[in-house]
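> To start, I am sharing the structure in question, which I have written as structure tokens.
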Amino acid sequence: MAPHPETWLRVTPAGLHCVPGGFFIDPVRPVDRAVVTHGHADHARPCHAAVLATAETLAIMRARMGEGQAGLSQQSLAPGEVVSQGGVRVWLRPAGHVLGSAQVCLEWQGSRAVIPGDYKRERDPTCPAFEPQACDVFVTEATFGLPVFRHPPPEAEIGKLLHSLALFPERTHVVGCYALGKSQRVIRLLREAGWDAPIYLHGALMPLCRLYEELGVPLGELRPATVADKAALAGAIVLAPPSAVADRWARRLADPVVAIASGWMRVRQRARLRGVELPLVISDHADWDALNTTIDEVGAPEVWVTHGRDDALVHAMGLRGIRGRALHLVGLGEEDEEVPGESPGESPGESPGESPGDGQGGGPGEGPGAMPDLAADGATAGRPADGSGGAPDEAASPA
């Protein structure tokens, strides 16, 4: 009989720990081995000894943290490839959250768990779509785990922005959106809707937009908003961190129409308190319907909820005969859609460097000085025999 995932996946202060594999998924403090789902700073922390992620996530981590803090050893894993660590088979599938985001699929002694990190089910022109994976335990987020959160089509929200531009062609439209994922998605949606004019960016957004382009996501002509005069910005679209749109930085704009692109804009009171004239409900997280649809599609008899609004989701699962468990993982959800208190003059969400020398979070039998790569110690790598949701077949060649 296959062991239940709760016997080999443990909640610890560092995060979710795969005991037989000796690694953590999205650990919140430096560890010897980390598997990272995506590049947002609440999931991708600095100073791990060895990091496994998609190539895009590793590039994002290096861009945000610097080469020295994105993992002393870095191993990229393409979707469908598999490595084995301590008898645990590990492979990645797209999560649809941001570029490079991936579900971490684990199988040990016939027992399978899938940890997607953050995810969404809407189409996103900047990253591959989420692919449901059958499993015994599905570990979900619940950022928008209440029935009130039902996101409209993002194309319709972009239509609202373009309609406002047509009504007020003399005013600058400044859109608050997060630097990683949201800003690039808004740009691509605008391009698809026919907006070919230059889009102006706050300085905090430019580096990751350039990285997206280097990684194959075309964004069209982008210009720095800081060097443009007020007259040039009349009738233009400016993207900035959410905190900057209410800051004195925005006063340089021509009678700005303030917008924020976030799932939280569904809550009218939040939009009013932030002085948002044009709320755009565009989210990179699954809404209530998408959370429940995904849980049904993966077919797991048990679902763990890492963070967010877990009570309503666990109750709804119970009504369908699915066992729900709230993990209350500390440190996740700190970058959900917008970051209160972020400095508009800096790239938002960056974490300060942490010392890896505390010896916490290492796998069983690992000393503080151990810095093994995830593919070391007899690990193997290969590709799945088919594109199904089943566990990939391993090949004999090393990773």
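Just remember, in the structure tokens the first chain shown is A, the second B, etc., residues are 1-based per chain, and ligands are 1-based in the order shown.
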I need the residues in stretch 72-178 of chain A that are strand (DSSP E or B) according to DSSP; give them as an MDAnalysis selection string.

chainID A and resid 73:76 82:85 88:94 102:108 111:115 137:142 173:176

> Which residue out of A:Val137, A:Val148, A:Leu239, A:Val11 has the minimum interatomic distance to A:Arg266 when only C-alpha atoms are used?

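The answer is A:Val148, which sits nearest to A:Arg266.
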
> Which residue gives the smallest distance to A:Arg272 among A:Pro241, A:Ile260, A:Gly80, A:Ala95, with only C-alpha atoms counted?

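Looking only at the distances to A:Arg272, the closest residue turns out to be A:Ile260.
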
> Do you know which residues are at most 6 Å from stretch 117-119 of chain A counting only C-alpha atoms, after dropping those on the same chain fewer than 3 positions away, and could you put them as a CSV table (one decimal) with C-alpha atoms, in the first residue's frame?


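Written out: selection-v5.csv:
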```
chain,number,residue,atom,x,y,z
A,37,THR,CA,7.8,27.1,-8.2
A,95,ALA,CA,1.2,26.5,-13.5
A,96,GLY,CA,0.1,29.5,-15.6
A,97,HIS,CA,0.9,32.1,-13.0
A,285,HIS,CA,-4.3,34.0,-9.2
```

> Determine, using only C-alpha atoms, which residues of stretch 88-160 of chain A have any atom at most 10 Å from an atom of stretch 195-218 of chain A, and tabulate each with its shortest atom pair and distance in Å to one decimal place, rows ordered by chain and then rising number, as JSON lines.


```
{"residue": "A:Leu99", "atom": "CA", "partner": "A:Tyr212", "partner_atom": "CA", "distance": 7.9}
{"residue": "A:Gly100", "atom": "CA", "partner": "A:Leu215", "partner_atom": "CA", "distance": 9.9}
{"residue": "A:Pro125", "atom": "CA", "partner": "A:Val217", "partner_atom": "CA", "distance": 8.5}
{"residue": "A:Thr126", "atom": "CA", "partner": "A:Val217", "partner_atom": "CA", "distance": 6.2}
{"residue": "A:Cys127", "atom": "CA", "partner": "A:Val217", "partner_atom": "CA", "distance": 8.6}
```

> Pick the closest to A:Pro30 from A:Val305, A:Cys18, A:Leu72, A:Leu253: which is it, counting only C-alpha atoms?

A:Leu72

> Considering only C-alpha atoms, can you say which of A:Val83, A:Ala228, A:Leu291, A:Val174 comes closest to A:Ala250?

A:Val174

> Select from stretch 127-376 of chain A everything DSSP, run on the backbone, classes as helix (DSSP H, G or I), then give the selection as JSON, numbers by chain.

{"A": [154, 155, 156, 157, 158, 159, 160, 161, 162, 163, 164, 165, 166, 167, 182, 183, 184, 185, 186, 187, 188, 189, 190, 191, 192, 206, 207, 208, 209, 210, 211, 212, 213, 214, 225, 226, 227, 242, 243, 244, 245, 246, 248, 249, 250, 251, 252, 263, 264, 265, 266, 268, 269, 270, 271, 272, 273, 288, 289, 290, 291, 292, 293, 294, 295, 296, 297, 298, 310, 311, 312, 313, 314, 315, 316, 317, 318, 319, 356, 357, 358]}

> Grab the atom CA of A:Pro94 to atom CA of A:Pro132 distance for me, in Å with one decimal place.

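Here the two named atoms are 9.0 Å from each other.
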
> Which of these, A:Val19, A:Val98, A:Leu165, A:Val303, has the shortest distance to A:Gln85 once you count only C-alpha atoms?

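Result for the nearest residue to A:Gln85: A:Val19.
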
> Counting only C-alpha atoms, what is within 9 Å of A:Leu313, bar same-chain residues fewer than 2 positions away, as a VMD selection string?

chain A and resid 142 145 to 147 288 291 to 292 305 309 to 311 315 to 318 324
